[in-house]
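Below is query.cif, which holds mmCIF, C-alpha atoms.
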data_target
loop_
_atom_site.label_atom_id
_atom_site.label_comp_id
_atom_site.auth_asym_id
_atom_site.auth_seq_id
_atom_site.Cartn_x
_atom_site.Cartn_y
_atom_site.Cartn_z
CA MET F 1 124.76 104.05 156.15
CA ARG F 2 125.21 104.04 152.41
CA THR F 3 128.22 105.66 150.78
CA ALA F 4 129.70 105.99 147.34
CA GLY F 5 132.54 103.59 146.63
CA LEU F 6 135.75 103.54 144.62
CA THR F 7 137.62 100.63 143.14
CA MET F 8 140.83 99.37 144.67
CA ASN F 9 142.77 100.15 141.51
CA ASP F 10 141.99 103.83 141.93
CA VAL F 11 145.05 106.04 142.34
CA TRP F 12 143.75 107.31 145.69
CA ALA F 13 143.76 103.78 147.13
CA HIS F 14 147.50 103.46 146.57
CA ARG F 15 148.09 106.89 148.02
CA VAL F 16 146.11 106.06 151.15
CA LEU F 17 148.13 102.89 151.67
CA ARG F 18 151.39 104.83 151.42
CA GLU F 19 150.36 107.62 153.79
CA ARG F 20 151.36 107.33 157.43
CA GLY F 21 149.28 108.48 160.32
CA VAL F 22 146.03 107.92 158.38
CA GLU F 23 143.36 105.83 160.08
CA THR F 24 142.35 103.00 157.72
CA TYR F 25 140.61 99.65 158.04
CA ARG F 26 141.52 96.88 155.63
CA LEU F 27 139.13 93.94 155.33
CA GLU F 28 139.79 90.82 153.20
CA GLY F 29 137.43 88.07 152.01
CA VAL F 30 134.27 89.85 153.05
CA THR F 31 131.07 88.01 152.11
CA THR F 32 128.99 90.41 150.05
CA GLU F 33 126.03 90.60 147.75
CA LEU F 34 126.53 92.40 144.46
CA GLY F 35 123.91 94.48 142.72
CA VAL F 36 124.51 93.91 138.98
CA MET F 37 122.54 95.54 136.18
CA VAL F 38 122.30 92.61 133.71
CA GLU F 39 122.79 93.82 130.15
CA SER F 40 122.87 90.53 128.20
CA LEU F 41 122.23 86.82 128.73
CA TYR F 42 123.47 84.01 126.44
CA LEU F 43 122.75 80.28 126.41
CA LYS F 44 126.02 78.41 125.79
CA HIS F 45 127.37 74.88 126.12
CA ARG F 46 130.40 73.20 127.63
CA GLY F 47 132.85 71.08 125.70
CA LYS F 48 132.62 67.49 124.55
CA GLU F 49 134.20 66.18 127.74
CA GLU F 50 131.21 67.60 129.70
CA ASN F 51 128.69 66.28 127.16
CA TYR F 52 127.93 69.82 125.92
CA ARG F 53 126.16 70.73 129.16
CA PRO F 54 124.25 74.05 128.79
CA TYR F 55 124.87 77.11 130.95
CA LEU F 56 124.05 80.82 130.98
CA HIS F 57 126.57 83.60 130.50
CA MET F 58 125.42 86.97 131.80
CA THR F 59 127.19 90.32 131.57
CA GLY F 60 126.41 93.53 133.37
CA GLU F 61 127.63 96.51 135.39
CA LEU F 62 128.31 96.66 139.12
CA ARG F 63 125.89 99.02 140.87
CA SER F 64 126.26 98.18 144.58
CA VAL F 65 128.15 96.05 147.12
CA THR F 66 126.30 95.00 150.30
CA PRO F 67 128.44 93.29 152.98
CA ALA F 68 126.93 90.55 155.14
CA THR F 69 127.91 92.53 158.23
CA ALA F 70 128.19 96.29 158.60
CA LEU F 71 131.57 97.87 157.93
CA PRO F 72 133.31 100.27 160.33
CA PHE F 73 131.49 103.56 160.88
CA GLY F 74 128.16 101.80 160.26
CA ILE F 75 128.53 101.44 156.50
CA SER F 76 125.90 98.99 155.26
CA GLN F 77 126.20 99.42 151.48
CA VAL F 78 128.60 100.85 148.89
CA THR F 79 127.02 102.22 145.73
CA TYR F 80 128.29 103.16 142.25
CA SER F 81 126.80 105.57 139.76
CA PRO F 82 125.80 104.29 136.28
CA GLY F 83 128.92 104.00 134.16
CA GLN F 84 131.24 104.09 137.18
CA GLY F 85 130.99 100.45 138.25
CA GLU F 86 133.12 97.59 137.03
CA LYS F 87 132.01 95.13 134.37
CA VAL F 88 130.75 91.80 135.71
CA ASP F 89 130.72 88.40 133.98
CA ALA F 90 128.78 85.60 135.68
CA PHE F 91 128.17 81.98 134.64
CA TYR F 92 124.99 80.25 135.81
CA GLU F 93 125.13 76.45 136.02
CA PHE F 94 121.93 74.37 135.71
CA ASP F 95 121.53 71.34 137.97
CA ASP F 96 120.14 68.03 136.71
CA GLN F 97 116.59 68.79 137.75
CA GLN F 98 116.67 72.11 135.92
CA LEU F 99 117.95 70.37 132.78
CA VAL F 100 114.96 68.05 132.92
CA VAL F 101 112.69 71.09 133.10
CA LEU F 102 114.44 72.69 130.11
CA ALA F 103 114.07 69.50 128.08
CA SER F 104 110.35 69.37 128.86
CA LYS F 105 110.02 72.97 127.64
CA GLY F 106 111.42 72.16 124.22
CA TYR F 107 115.14 72.62 124.78
CA PHE F 108 115.93 70.40 121.77
CA THR F 109 113.69 72.32 119.38
CA SER F 110 114.92 75.12 117.20
CA GLY F 111 112.50 77.61 118.77
CA PHE F 112 114.07 77.41 122.24
CA ALA F 113 115.47 80.81 123.27
CA VAL F 114 116.64 82.78 126.30
CA PRO F 115 113.85 84.81 127.95
CA GLU F 116 114.11 88.55 127.42
CA GLN F 117 112.49 89.56 130.72
CA VAL F 118 115.62 88.69 132.72
CA THR F 119 117.74 91.44 131.16
CA GLU F 120 117.84 95.18 131.88
CA ILE F 121 117.07 94.52 135.57
CA GLU F 122 119.31 94.47 138.63
CA TRP F 123 120.32 91.06 139.93
CA GLU F 124 121.72 90.25 143.35
CA LEU F 125 124.68 87.90 143.03
CA PRO F 126 126.87 86.43 145.81
CA ALA F 127 130.59 87.24 145.90
CA THR F 128 133.54 87.94 148.18
CA ALA F 129 135.49 91.19 148.24
CA ASP F 130 138.46 93.00 149.80
CA MET F 131 137.70 96.44 151.25
CA LEU F 132 139.72 99.41 152.41
CA VAL F 133 137.90 101.93 154.61
CA LEU F 134 139.42 105.38 155.08
CA ALA F 135 138.21 106.94 158.31
CA PRO F 136 136.96 110.55 158.28
CA SER F 137 139.21 113.25 159.64
CA GLY F 138 139.21 113.96 163.37
CA ALA F 139 137.67 117.39 162.89
CA GLN F 140 133.91 117.34 163.06
CA THR F 141 133.21 119.03 159.77
CA GLU F 142 130.02 118.76 157.79
CA GLY F 143 130.18 116.33 154.86
CA ASP F 144 133.22 114.49 156.17
CA VAL F 145 132.37 110.77 155.64
CA PRO F 146 134.48 107.63 155.34
CA VAL F 147 135.71 106.51 151.92
CA VAL F 148 135.46 102.84 150.89
CA PHE F 149 137.61 101.13 148.22
CA THR F 150 136.48 97.67 146.99
CA GLN F 151 137.96 94.83 145.00
CA ILE F 152 135.59 91.99 143.99
CA HIS F 153 137.07 88.50 143.72
CA ASP F 154 136.67 86.86 140.25
CA ILE F 155 134.53 89.70 138.96
CA GLY F 156 135.23 88.51 135.42
CA GLY F 157 134.12 84.92 136.07
CA LEU F 158 131.60 84.55 138.89
CA GLU F 159 130.32 80.97 139.24
CA ILE F 160 126.72 80.91 140.45
CA ASP F 161 123.82 78.42 140.52
CA LEU F 162 120.39 77.91 142.02
CA GLU F 163 121.73 77.23 145.50
CA SER F 164 124.17 80.15 145.71
CA SER F 165 122.07 82.82 144.00
CA GLY F 166 118.53 81.71 144.84
CA TYR F 167 117.43 82.28 141.22
CA ASP F 168 115.71 79.40 139.42
CA LEU F 169 116.33 80.58 135.87
CA ALA F 170 114.86 77.43 134.34
CA SER F 171 111.41 78.65 135.38
CA TYR F 172 111.82 81.83 133.29
CA PHE F 173 112.06 79.93 130.00
CA ALA F 174 108.89 79.72 127.94
CA ASP F 175 107.42 76.36 126.93
CA HIS F 176 108.31 75.65 123.29
CA SER F 177 107.59 71.91 123.37
CA LYS F 178 104.36 72.30 121.38
CA ASP F 179 105.69 74.87 118.96
CA GLY F 180 108.07 72.48 117.20
CA VAL F 181 109.90 75.09 115.14
CA PRO F 182 109.61 78.87 115.21
CA ARG F 183 107.08 80.48 112.95
CA ALA F 184 109.78 82.15 110.89
CA GLU F 185 111.18 78.73 109.96
CA ALA F 186 107.73 77.14 109.50
CA VAL F 187 106.68 79.61 106.78
CA VAL F 188 107.35 77.98 103.42
CA ASP F 189 106.58 79.32 99.97
CA ALA F 190 103.35 77.67 98.80
CA ARG F 191 104.58 77.40 95.23
CA GLU F 192 107.80 75.68 96.29
CA LEU F 193 105.90 73.28 98.53
CA LYS F 194 103.46 72.42 95.73
CA ALA F 195 106.28 71.89 93.24
CA ARG F 196 108.09 69.58 95.62
CA SER F 197 104.91 67.62 96.41
CA ASP F 198 104.09 67.16 92.71
CA ALA F 199 107.61 65.99 91.95
CA ILE F 200 107.52 63.44 94.75
CA ASN F 201 104.06 62.12 93.88
CA SER F 202 104.91 61.69 90.21
CA LEU F 203 107.54 59.10 91.11
CA PHE F 204 104.91 56.70 92.45
CA THR F 205 102.24 56.95 89.75
CA GLU F 206 101.36 54.03 87.47
CA ASP F 207 102.48 55.93 84.39
CA GLU F 208 105.94 56.41 85.82
CA LEU F 209 106.16 52.71 86.78
CA ASP F 210 105.57 51.64 83.15
CA LEU F 211 109.29 51.49 82.42
CA ASP F 212 109.18 49.66 79.06
CA THR F 213 106.96 52.23 77.39
CA GLU F 214 108.97 55.05 78.84
CA VAL F 215 112.28 53.58 77.68
CA LYS F 216 110.98 53.06 74.15
CA GLN F 217 109.77 56.62 74.01
CA VAL F 218 113.08 57.94 75.23
CA VAL F 219 115.11 55.80 72.82
CA GLY F 220 112.92 56.60 69.84
CA ALA F 221 112.82 60.30 70.45
CA PRO F 222 115.08 62.34 68.14
CA MET F 223 118.09 63.99 69.65
CA PRO F 224 117.71 67.74 70.00
CA GLU F 225 119.92 69.77 67.77
CA ALA F 226 122.71 71.59 69.47
CA ALA F 227 122.51 75.32 69.23
CA PRO F 228 125.30 76.90 67.21
CA VAL F 229 126.95 78.32 70.26
CA ALA F 230 130.51 77.76 69.07
CA ASP F 231 130.13 79.85 65.91
CA GLY F 232 128.52 82.70 67.78
CA MET F 233 131.18 82.56 70.48
CA SER F 234 133.99 82.52 67.90
CA ALA F 235 132.54 85.55 66.10
CA ARG F 236 132.20 87.38 69.38
CA LEU F 237 135.81 86.59 70.34
CA GLN F 238 137.05 87.86 66.99
CA GLN F 239 135.07 91.04 67.43
CA ILE F 240 136.53 91.54 70.90
CA GLU F 241 140.07 90.95 69.60
CA ALA F 242 139.53 93.50 66.83
CA GLU F 243 138.25 96.05 69.31
CA ILE F 244 141.23 95.46 71.59
CA ALA F 245 143.66 95.82 68.67
CA ALA F 246 142.01 99.08 67.59
CA GLU F 247 142.16 100.46 71.12
CA ARG F 248 145.81 99.47 71.43
CA LYS F 249 146.68 101.14 68.11
CA GLN F 250 144.81 104.30 69.10
CA TYR F 251 146.58 104.36 72.46
CA GLN F 252 150.00 103.98 70.81
CA THR F 253 149.18 106.78 68.36
CA GLU F 254 148.14 109.09 71.19
CA ARG F 255 151.29 108.29 73.12
CA ALA F 256 153.45 108.95 70.07
CA SER F 257 151.84 112.35 69.55
CA THR F 258 152.14 113.33 73.22
CA GLU F 259 155.27 115.32 73.90
CA GLY F 260 157.60 113.93 76.54
CA THR F 261 156.50 110.28 76.31
CA THR F 262 158.82 107.43 75.36
CA GLU F 263 156.90 106.76 72.17
CA ASN F 264 157.13 110.40 71.14
CA LEU F 265 160.89 110.51 71.71
CA TYR F 266 161.35 107.32 69.67
CA ARG F 267 159.28 108.63 66.78
CA GLU F 268 160.94 112.08 66.70
CA ARG F 269 164.57 111.07 67.23
CA VAL F 270 165.08 107.41 66.36
CA ALA F 271 162.45 106.50 63.78
CA ALA F 272 162.87 109.79 61.87
CA ALA F 273 166.63 109.34 61.65
CA LEU F 274 166.30 105.74 60.42
CA GLN F 275 163.79 106.73 57.76
CA THR F 276 166.11 109.54 56.46
CA ALA F 277 169.03 107.15 56.28
CA GLU F 278 167.01 104.60 54.32
CA GLU F 279 165.90 107.25 51.82
CA GLN F 280 169.49 108.52 51.24
CA GLU F 281 171.03 105.06 50.92
CA GLU F 282 171.85 104.01 47.22
CA PRO F 283 171.36 100.48 45.94
CA PHE F 284 174.53 98.38 46.07
CA ALA F 285 176.13 97.32 42.74
CA PRO F 286 179.07 94.90 42.47
CA PRO F 287 182.33 96.61 41.27
CA VAL F 288 183.38 96.10 37.63
CA PRO F 289 187.03 95.00 37.29
CA SER F 290 189.35 97.22 35.18
CA ARG F 291 191.14 96.14 31.97
CA GLU F 292 194.48 95.64 33.69
CA VAL F 293 192.96 93.47 36.37
CA GLN F 294 191.12 91.46 33.73
CA ARG F 295 194.35 90.97 31.76
CA ASP F 296 196.19 89.76 34.85
CA LEU F 297 193.43 87.31 35.55
CA ASN F 298 193.59 85.88 32.01
CA LEU F 299 197.38 85.58 32.26
CA ASP F 300 197.18 83.69 35.52
CA LEU F 301 194.62 81.37 34.03
CA ASP F 302 196.87 80.61 31.00
CA LEU F 303 199.85 79.87 33.22
CA GLU F 304 197.78 77.50 35.32
CA LEU F 305 196.57 75.63 32.22
CA GLU F 306 200.15 75.34 30.88
CA GLU F 307 201.39 73.87 34.15
CA GLN F 308 198.59 71.30 34.08
CA GLU F 309 199.57 70.23 30.51
CA GLN F 310 203.23 69.83 31.44
CA GLU F 311 202.34 67.69 34.44
CA ALA F 312 200.22 65.44 32.22
CA ARG F 313 203.11 65.01 29.73
CA ARG F 314 205.53 64.05 32.48
CA ARG F 315 203.13 61.38 33.65
CA GLU F 316 202.90 59.95 30.08
CA VAL F 317 206.68 59.89 29.65
CA LYS F 318 207.18 58.21 32.94
CA ALA F 319 204.57 55.61 32.15
CA ALA F 320 206.24 54.48 28.73
CA PRO F 321 209.48 52.35 29.33
CA SER F 322 212.73 53.06 27.41
CA PRO F 323 214.20 50.53 24.82
CA ASP F 324 216.93 49.38 27.18
CA GLU F 325 214.43 48.91 29.96
CA ARG F 326 212.20 46.97 27.64
CA LYS F 327 215.13 44.63 26.59
CA ARG F 328 216.01 44.04 30.22
CA GLN F 329 212.41 43.10 30.99
CA VAL F 330 212.30 40.60 28.05
CA SER F 331 215.58 38.93 29.15
CA GLN F 332 214.31 38.62 32.68
CA ARG F 333 211.11 37.04 31.44
CA ALA F 334 213.06 34.46 29.31
CA ALA F 335 215.30 33.51 32.22
CA ASP F 336 212.25 32.91 34.35
CA LEU F 337 210.81 30.57 31.72
CA ASP F 338 214.11 28.55 31.39
CA PHE F 339 214.23 28.11 35.11
CA GLY F 340 210.78 26.70 35.08
CA GLU F 341 211.57 23.98 32.49
CA ASP F 342 214.74 22.81 34.36
CA GLY F 343 212.72 22.44 37.53
CA GLU F 344 210.16 20.24 35.84
CA GLN F 345 212.87 17.87 34.42
CA SER F 346 214.52 17.45 37.81
CA LEU F 347 211.25 16.56 39.35
CA GLY F 348 210.53 14.03 36.59
CA SER F 349 213.87 12.19 37.01
#

What is this structure when it is put down as structure tokens?
Amino acid sequence: MRTAGLTMNDVWAHRVLRERGVETYRLEGVTTELGVMVESLYLKHRGKEENYRPYLHMTGELRSVTPATALPFGISQVTYSPGQGEKVDAFYEFDDQQLVVLASKGYFTSGFAVPEQVTEIEWELPATADMLVLAPSGAQTEGDVPVVFTQIHDIGGLEIDLESSGYDLASYFADHSKDGVPRAEAVVDARELKARSDAINSLFTEDELDLDTEVKQVVGAPMPEAAPVADGMSARLQQIEAEIAAERKQYQTERASTEGTTENLYRERVAAALQTAEEQEEPFAPPVPSREVQRDLNLDLDLELEEQEQEARRREVKAAPSPDERKRQVSQRAADLDFGEDGEQSLGS
């Protein structure tokens, strides 16, 4: 008997487990076969430690669960409607013999690709599952059937291979060994190919090997004149600067004429007041002293000159000695001379 299934994370599964007096059958680790609608298939590679071994990653949707042995009440299969089943991720490992087959089919060429005919079909994949079967009610009513809740082990990472699944996916790959590269990569622009061929061939011609003649021609050839780029660039920069200055001036004028802006307030209140003050301000002239002040200044100057003359006279008087002082100096000088003569006579005797 086939019946529609529910997942174990459904709210009804928890309610059934909490209810008492309800007839249920709980089965764990049941060997099953999953019906998976494969949506995509990718060729990927392991890490460096596994020598970049290739494998297939397939994704799809769970459509059915078929146990190896019938469940209670004769249930042989649990089905799920499209969009109601869980998402399945499976990883297919190639064995050594399959890798040899892939290499012979051009695995190392750029045109090697995953076959498209293996997607959008239902695959049968091995798995284990836990199941909870809710028995029908005791009353014999029409439409009363058992309810099955399922939980697939490792549904997000099923590990399968040729032996466990029975699928030899290496045989589905097309033979690209003779193709070399895909046609999209083999198409080359004829003009580009010709240009590259001509450039390569010209390096091996006799004319190109005549280095002396070529060097003389290159050395003797006049140097090409440099285009006056700097002058043109400088003129363009000056033009741009003038345009920017004009735009800035126009912007400032518009702001000053716009009521409520900072520029307008400055022009109306600050600049206008400063301009009025400058117009009303008189030129500064040094004050002319009065007659009395001028007379006092002349008097002070005369007194200062008189004091300087008196000081000079005092210095002259002090410098000239008096008659008595002069006589005393002469007597002292004569005594010094007499003392000198007496000293010489004593030394001579």

**Asked** Which of these residues is nearest to Ser81 of chain F, using all atoms listed in the file: F:Val133, F:Leu125, F:Ala4, F:Leu27?
**Response** F:Ala4

**Message:** One number please: atom CA of His153 of chain F to atom CA of Pro136 of chain F, in Å, one decimal.
**Reply:** 26.4 Å

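Reported to one decimal place, the separation of atom CA of Val270 of chain F from atom CA of Gln250 of chain F is 20.7 Å.
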
**Request:** Could you jot down the atom CA of Ala13 of chain F to atom CA of Met37 of chain F separation for me, Å, one decimal place?
**Result:** 25.3 Å

**Item:** Residues within 7 Å of His45 of chain F, only C-alpha atoms, excluding chain neighbours under 6 positions, as a ChimeraX atom specification
**Value:** /F:52-55

**Asked** Once the PyMOL selection byres ((chain F and resi 29) around 12) has been applied to the shown file, what residues remain in the selection, as a ChimeraX atom specification?
**Response** /F:26-28,30-32,67-68,127-132,150-154
